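Asker: Structure provided below as structure tokens; questions to follow.
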Amino acid sequence: MNTIYFVGAGPGDPDLITVKGNNLLMRADLLIYAGSLVNPDLVARSPAPEKYDSWGMKLPEMVALMREAALAGKRVVRLHSGDPSLYGAIVEQIAELERDGIAVEVVPGVSSMFGAAAALKTQFTLRGVSESVIVTRPAGATLEKDMIAEFSRSGATMVVFLGTEHLEAVVAKVECPPETPAAVVYHATWPDQKVVVGTVADIAAKARAAGIERSALIIIGGVVDAARSGYVNSDLYG
């Protein structure tokens with residue numbers, strides 16, 4: 001029986017998968033990937049004879065597929081987008097597999113939030129601006145209540161996942177000055193990446209004008225406009 005590997009595919013650019021993740025991808029007997037969230041070039045790169053798109057699969061179906069392959073001695077790679085620890089829904093899969101005595105290993109990946117920071121040419125923690133990062137999501141079909149208003153009062157950098165469809169509602173909840181810098185990054189590191197920069201007051205209108213309706217991250221805080229943020233040089237270069 002082989003270990004099942006949960007691998008972070010990275011944010012989009014197929015070259016941003018880790019070396020370890022890529023090596024596993026190239027040795028997989030069965031690949032089950034997270035639909036259109038994973039770059040199809042990565043799926044095509046794998047010589048695995050069995051490949052399955054997990055979009056629309058129920059948890060029992062997915063787990064059964066992986067379990068049977070592992071018990072048959074096949075190397076199974078479960079390819080998640082970004083880093084699987086952020087909104088990756090891996091814990092329930094792992095719990096089912098480990099209940100059956102199947103070994104699991106998680107291989108981290110580059111999160112889309114880091115791809116977004118790279119696109120903005122900034123850093124989420126910036127001396128004199130923000131020493132903390134809050135990662136969150138808005139309420140919606142699968143979350144009854146969020147804490148966006150409370151988090152926004154802290155002055156920390158906020159990275160909002162799964163919020164593009166609710167962009168207007170997100171910025172309406174934010175309790176920081178309307179001139180606070182904000183950005184929306186669509187498909188970070190993909191060839192069709194779009195970066196829209198503005199303020200809390202106008203970012204929703206700017207993003208919609210750019211045609212962004214889904215698959216984007218919302219970043220709020222002074223680090224979005226680092227040049228004007230009044231940051232302090234790091235002691236690293238002192």
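Identifiers in the structure tokens: chain A, B, ... in order shown; residue index from 1 per chain; ligand index from 1 in order shown.
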Extract, using only C-alpha atoms, all DNA, RNA and protein residues at most 7 Å from region 223-229 of chain A, discarding same-chain residues fewer than 4 positions from it, and format them as number ranges by chain.
Answerer: A: 120, 122-124, 126, 129, 181-183
Asker: Restrict the selected residues to C-alpha atoms and save them as a tab-separated table (two decimals), in the first residue's frame.
Answerer:
```tsv
chain	number	residue	atom	x	y	z
A	120	LEU	CA	1.72	43.98	-6.70
A	122	THR	CA	4.90	44.42	-2.39
A	123	GLN	CA	5.05	42.55	0.89
A	124	PHE	CA	2.17	41.85	3.24
A	126	LEU	CA	5.90	46.08	5.98
A	129	VAL	CA	2.66	49.95	7.91
A	181	PRO	CA	-5.42	51.37	-0.48
A	182	ALA	CA	-6.99	48.23	-1.91
A	183	ALA	CA	-6.36	45.88	-4.80
```
Asker: Report as a ChimeraX atom specification: the residues of chain A with a DSSP assignment of alpha helix (DSSP H), based on the backbone of this structure.
Answerer: /A:19-27,40-45,59-71,91-99,112-120,148-152,167-173,203-209
Asker: Which residues of region 6-31 of chain A have any atom within 12 Å of an atom in region 48-71 of chain A when counting only C-alpha atoms, and what is the closest pair of atoms for each, with the distance in Å to one decimal? Order the rows by chain and rising number and write it as CSV.
Answerer:
```
residue,atom,partner,partner_atom,distance
A:Phe6,CA,A:Met66,CA,10.9
A:Leu24,CA,A:Ala48,CA,10.3
A:Leu25,CA,A:Ala48,CA,7.9
A:Met26,CA,A:Ala48,CA,7.3
A:Arg27,CA,A:Ala48,CA,7.2
A:Ala28,CA,A:Ala48,CA,5.2
A:Asp29,CA,A:Ala48,CA,4.7
A:Leu30,CA,A:Glu50,CA,4.7
A:Leu31,CA,A:Lys51,CA,4.7
```
Asker: Record the distance separating CA of Asp202 (chain A) and CA of Trp190 (chain A), expressed in Å with one decimal.
Answerer: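 Result for CA of Asp202 (chain A) versus CA of Trp190 (chain A): 24.8 Å, one decimal.
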Asker: Quick one: residues within 8 Å of Gly21 (chain A), only C-alpha atoms counted, chain neighbours fewer than 2 positions away excluded, as a ChimeraX atom specification?
Answerer: /A:7-9,17-19,23-25,107,109
Asker: Would you write out those residues with all heavy atoms, as a PDB file, in the first residue's frame?
Answerer:
```
ATOM      1  N   VAL A   7      -0.842  17.435  -2.757  1.00  0.00           N
ATOM      2  CA  VAL A   7       0.182  18.336  -3.277  1.00  0.00           C
ATOM      3  C   VAL A   7      -0.425  19.685  -3.639  1.00  0.00           C
ATOM      4  O   VAL A   7      -1.459  19.753  -4.316  1.00  0.00           O
ATOM      5  CB  VAL A   7       0.861  17.718  -4.517  1.00  0.00           C
ATOM      6  CG1 VAL A   7       1.855  18.701  -5.144  1.00  0.00           C
ATOM      7  CG2 VAL A   7       1.564  16.414  -4.150  1.00  0.00           C
ATOM      8  N   GLY A   8       0.226  20.760  -3.210  1.00  0.00           N
ATOM      9  CA  GLY A   8      -0.176  22.098  -3.620  1.00  0.00           C
ATOM     10  C   GLY A   8       0.369  22.385  -5.010  1.00  0.00           C
ATOM     11  O   GLY A   8       1.576  22.291  -5.240  1.00  0.00           O
ATOM     12  N   ALA A   9      -0.515  22.729  -5.937  1.00  0.00           N
ATOM     13  CA  ALA A   9      -0.110  22.959  -7.324  1.00  0.00           C
ATOM     14  C   ALA A   9       0.496  24.331  -7.543  1.00  0.00           C
ATOM     15  O   ALA A   9       1.086  24.596  -8.593  1.00  0.00           O
ATOM     16  CB  ALA A   9      -1.315  22.792  -8.249  1.00  0.00           C
ATOM     17  N   ILE A  17       4.986  25.217  -9.024  1.00  0.00           N
ATOM     18  CA  ILE A  17       4.848  24.036  -8.173  1.00  0.00           C
ATOM     19  C   ILE A  17       6.225  23.764  -7.567  1.00  0.00           C
ATOM     20  O   ILE A  17       7.257  24.083  -8.165  1.00  0.00           O
ATOM     21  CB  ILE A  17       4.339  22.820  -8.981  1.00  0.00           C
ATOM     22  CG1 ILE A  17       3.954  21.655  -8.035  1.00  0.00           C
ATOM     23  CG2 ILE A  17       5.347  22.372 -10.022  1.00  0.00           C
ATOM     24  CD1 ILE A  17       3.243  20.509  -8.750  1.00  0.00           C
ATOM     25  N   THR A  18       6.272  23.200  -6.367  1.00  0.00           N
ATOM     26  CA  THR A  18       7.568  22.907  -5.754  1.00  0.00           C
ATOM     27  C   THR A  18       8.263  21.768  -6.497  1.00  0.00           C
ATOM     28  O   THR A  18       7.622  20.986  -7.212  1.00  0.00           O
ATOM     29  CB  THR A  18       7.415  22.508  -4.273  1.00  0.00           C
ATOM     30  OG1 THR A  18       6.687  21.273  -4.194  1.00  0.00           O
ATOM     31  CG2 THR A  18       6.694  23.585  -3.479  1.00  0.00           C
ATOM     32  N   VAL A  19       9.574  21.659  -6.306  1.00  0.00           N
ATOM     33  CA  VAL A  19      10.331  20.571  -6.918  1.00  0.00           C
ATOM     34  C   VAL A  19       9.791  19.225  -6.435  1.00  0.00           C
ATOM     35  O   VAL A  19       9.599  18.294  -7.224  1.00  0.00           O
ATOM     36  CB  VAL A  19      11.838  20.708  -6.603  1.00  0.00           C
ATOM     37  CG1 VAL A  19      12.600  19.474  -7.077  1.00  0.00           C
ATOM     38  CG2 VAL A  19      12.408  21.962  -7.241  1.00  0.00           C
ATOM     39  N   ASN A  23       8.078  16.363  -8.748  1.00  0.00           N
ATOM     40  CA  ASN A  23       8.617  15.004  -8.803  1.00  0.00           C
ATOM     41  C   ASN A  23       7.519  13.974  -8.551  1.00  0.00           C
ATOM     42  O   ASN A  23       7.459  12.930  -9.211  1.00  0.00           O
ATOM     43  CB  ASN A  23       9.741  14.833  -7.784  1.00  0.00           C
ATOM     44  CG  ASN A  23      11.019  15.555  -8.195  1.00  0.00           C
ATOM     45  OD1 ASN A  23      11.198  15.890  -9.363  1.00  0.00           O
ATOM     46  ND2 ASN A  23      11.893  15.802  -7.237  1.00  0.00           N
ATOM     47  N   LEU A  24       6.653  14.267  -7.591  1.00  0.00           N
ATOM     48  CA  LEU A  24       5.539  13.348  -7.310  1.00  0.00           C
ATOM     49  C   LEU A  24       4.565  13.304  -8.480  1.00  0.00           C
ATOM     50  O   LEU A  24       4.048  12.246  -8.838  1.00  0.00           O
ATOM     51  CB  LEU A  24       4.816  13.778  -6.026  1.00  0.00           C
ATOM     52  CG  LEU A  24       5.581  13.534  -4.732  1.00  0.00           C
ATOM     53  CD1 LEU A  24       4.931  14.297  -3.576  1.00  0.00           C
ATOM     54  CD2 LEU A  24       5.630  12.048  -4.415  1.00  0.00           C
ATOM     55  N   LEU A  25       4.318  14.458  -9.073  1.00  0.00           N
ATOM     56  CA  LEU A  25       3.427  14.540 -10.232  1.00  0.00           C
ATOM     57  C   LEU A  25       3.951  13.654 -11.368  1.00  0.00           C
ATOM     58  O   LEU A  25       3.163  12.968 -12.045  1.00  0.00           O
ATOM     59  CB  LEU A  25       3.352  15.994 -10.693  1.00  0.00           C
ATOM     60  CG  LEU A  25       2.265  16.391 -11.687  1.00  0.00           C
ATOM     61  CD1 LEU A  25       0.896  16.301 -11.031  1.00  0.00           C
ATOM     62  CD2 LEU A  25       2.511  17.808 -12.194  1.00  0.00           C
ATOM     63  N   VAL A 107       2.158  17.983   0.819  1.00  0.00           N
ATOM     64  CA  VAL A 107       3.278  18.728   0.240  1.00  0.00           C
ATOM     65  C   VAL A 107       2.795  20.154  -0.002  1.00  0.00           C
ATOM     66  O   VAL A 107       1.924  20.381  -0.839  1.00  0.00           O
ATOM     67  CB  VAL A 107       3.755  18.090  -1.076  1.00  0.00           C
ATOM     68  CG1 VAL A 107       4.906  18.900  -1.675  1.00  0.00           C
ATOM     69  CG2 VAL A 107       4.178  16.647  -0.840  1.00  0.00           C
ATOM     70  N   GLY A 109       2.336  24.138  -1.098  1.00  0.00           N
ATOM     71  CA  GLY A 109       2.498  24.816  -2.377  1.00  0.00           C
ATOM     72  C   GLY A 109       2.518  26.321  -2.185  1.00  0.00           C
ATOM     73  O   GLY A 109       2.329  26.833  -1.077  1.00  0.00           O
TER      74      GLY A 109
END
```
